[in-house]
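Peer 1: Can you keep this structure in mind? I'll have questions shortly.
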Amino acid sequence: HPDLDKLNLEHRDLIRLSDLRANDSGRVVGPKAAKLGELYHHFPEAVADGLVIPFGIFRELLDRPYLDSGMSMFEWMRSNYRRIEAFPDGSTEKADASETLRHTIHDWILKADPGSAFRTQLREAMTKVFGIDGSYGVFVRSDTNIEDLPNFSGAGLNLTVPHVVGFDEILAAVRRVWASPFSKRAYAWRQGRMHEPEHVYPAVLLMRTVPVDKSGVLI
């Protein structure tokens with residue numbers, strides 16, 4: 001169950017990692033960015049700097065028209081989710097309709113133009129946080145509102161694109177990360193468990209690439 005009461009989809013400004021705290025998780029960004037922001041606050045010398053594209057910018061993308069349907073992409077998705085839910089569980093009809101919907105959403109996001117205002121905002125923010133274009137690399141990481149929830153972690157389902165250099169390549173990676181919750185694997189793992197699946201919102205964490213001697217996960 002996504003926590004819709006906590007979500008703030010009106011926040012559409014890019015956020016510096018150092019300005020985030022753990023309680024921002026599920027509000028404007030996912031748990032990855034929020035908790036890294038908390039770590040940055042306590043240990044700024046030990047955490048790479050970053051910039052985050054919040055949930056609201058992805059929702060703004062979904063508010064654009066879908067072809068000539070007369071609906072926004074979000075409205076079209078929601079109507080199709082309700083239509084598919086009416087099919088019998090386990091039926092071929094339901095499986096085929098669900099795969100068609102997934103594939104359509106995934107391809108639409110990959111090709112969607114986030115607009116000149118977003119590109120200008122992203123370019124200016126990256127210059128401020130990271131420096132001159134081409135002088136740095138970033139890991140482009142998915143960070144959705146459907147992670148670290150009771151009975152569902154979502155760990156490793158969505159995309160990280162490592163060490164991307166150059167504005168155009170970073171923008172292309174952002175689109176890939178936005179689309180990644182609608183890959184076959186992520187969609188199949190999530191869909192049978194989730195209520196109101198139209199409310200999947202990926203934030204995107206751009207985290208500076210740094211030289212390391214070792215890396216891993218501490219549990």
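Labels for the structure tokens follow display order: chains A, B, ..., residues from 1 in each chain, ligands from 1.
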Determine, counting only C-alpha atoms, which protein, DNA and RNA residues have an atom within 8 Å of an atom of Val164 in chain A; residues of the same chain fewer than 4 positions away are not included. Present the result as a PyMOL selection string.

Peer 2: chain A and resi 137-140+169-170+173

Peer 1: Restricting it to C-alpha atoms, dump the selection as an mmCIF file, in the first residue's frame.

Peer 2:
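As a result, part_28.cif now contains:
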data_model
loop_
_atom_site.group_PDB
_atom_site.id
_atom_site.type_symbol
_atom_site.label_atom_id
_atom_site.label_comp_id
_atom_site.auth_asym_id
_atom_site.auth_seq_id
_atom_site.Cartn_x
_atom_site.Cartn_y
_atom_site.Cartn_z
ATOM 1 C CA GLY A 137 30.635 11.144 -13.582
ATOM 2 C CA VAL A 138 27.509 10.182 -11.649
ATOM 3 C CA PHE A 139 25.721 7.008 -10.732
ATOM 4 C CA VAL A 140 22.069 7.417 -11.811
ATOM 5 C CA GLU A 169 24.090 10.743 -21.466
ATOM 6 C CA ILE A 170 22.897 11.568 -17.938
ATOM 7 C CA ALA A 173 20.035 7.495 -18.102
#

Peer 1: Just the residues within 9 Å of range 30-46 of chain A, please, counting only C-alpha atoms, with nothing from its chain fewer than 4 positions along; format it as a list in words.

Peer 2: Arg16, Leu17, Ser18, Asp19, Leu20, Arg21, Ala22, Asn23, Asp24, Ser25, Gly26, Gly50, Leu51, Val52, Pro54, Phe55, Arg141, Ser142, Asp143, Thr144, Asn145, Ile146, Glu147, Asp148, Tyr201, Pro202, Ala203, Val204 and Leu205 of chain A

Peer 1: Pick from A:Arg123, A:Arg208, A:His106, A:Lys214: nearest to Lys184 in chain A, with only C-alpha atoms counted?

Peer 2: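 Checking each candidate against Lys184 in chain A, we get A:His106 as the closest.
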
Peer 1: Hey, which of A:Arg193, A:Pro162, A:Thr209, A:Leu61 ends up closest to Lys111 in chain A? Count only C-alpha atoms.

Peer 2: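 Of A:Arg193, A:Pro162, A:Thr209, A:Leu61, the one nearest Lys111 in chain A, counting only C-alpha atoms, is A:Leu61.
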
Peer 1: Excluding Asn8 in chain A and any residue of its chain fewer than 3 positions from it, enumerate the residues within 7 Å of it, using only C-alpha atoms, and give them as a JSON list (two decimals) with N, CA and C atoms, in the first residue's frame.

Peer 2:
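The new file out-v9.json reads:
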[["chain", "number", "residue", "atom", "x", "y", "z"],
["A", 11, "HIS", "N", 6.15, 19.04, -5.00],
["A", 11, "HIS", "CA", 7.56, 19.50, -4.93],
["A", 11, "HIS", "C", 8.24, 19.12, -6.24],
["A", 27, "ARG", "N", 8.09, 10.80, 1.00],
["A", 27, "ARG", "CA", 7.44, 12.11, 0.89],
["A", 27, "ARG", "C", 7.79, 12.77, -0.45],
["A", 28, "VAL", "N", 9.06, 13.08, -0.65],
["A", 28, "VAL", "CA", 9.48, 13.67, -1.92],
["A", 28, "VAL", "C", 10.49, 12.79, -2.66]]

Peer 1: Find the residues around range 197-200 of chain A up to 6 Å (only C-alpha atoms counted), leave out those fewer than 2 positions away in its own chain, and share them as a list in words.

Peer 2: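 Result of the neighbour search: Arg78, Met194 and His195 of chain A.
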
Peer 1: Where does DSSP see alpha helix (DSSP H) in range 70-210 of chain A, if you list the residues as a PyMOL selection string?

Peer 2: chain A and resi 73-85+92-111+116-130+167-179+184-191

Peer 1: For Ser135 in chain A, which residue out of A:Ala186, A:Val165, A:Leu122, A:Leu110 is the nearest one, using only C-alpha atoms?

Peer 2: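 Ranked by minimum distance to Ser135 in chain A, first place goes to A:Val165.
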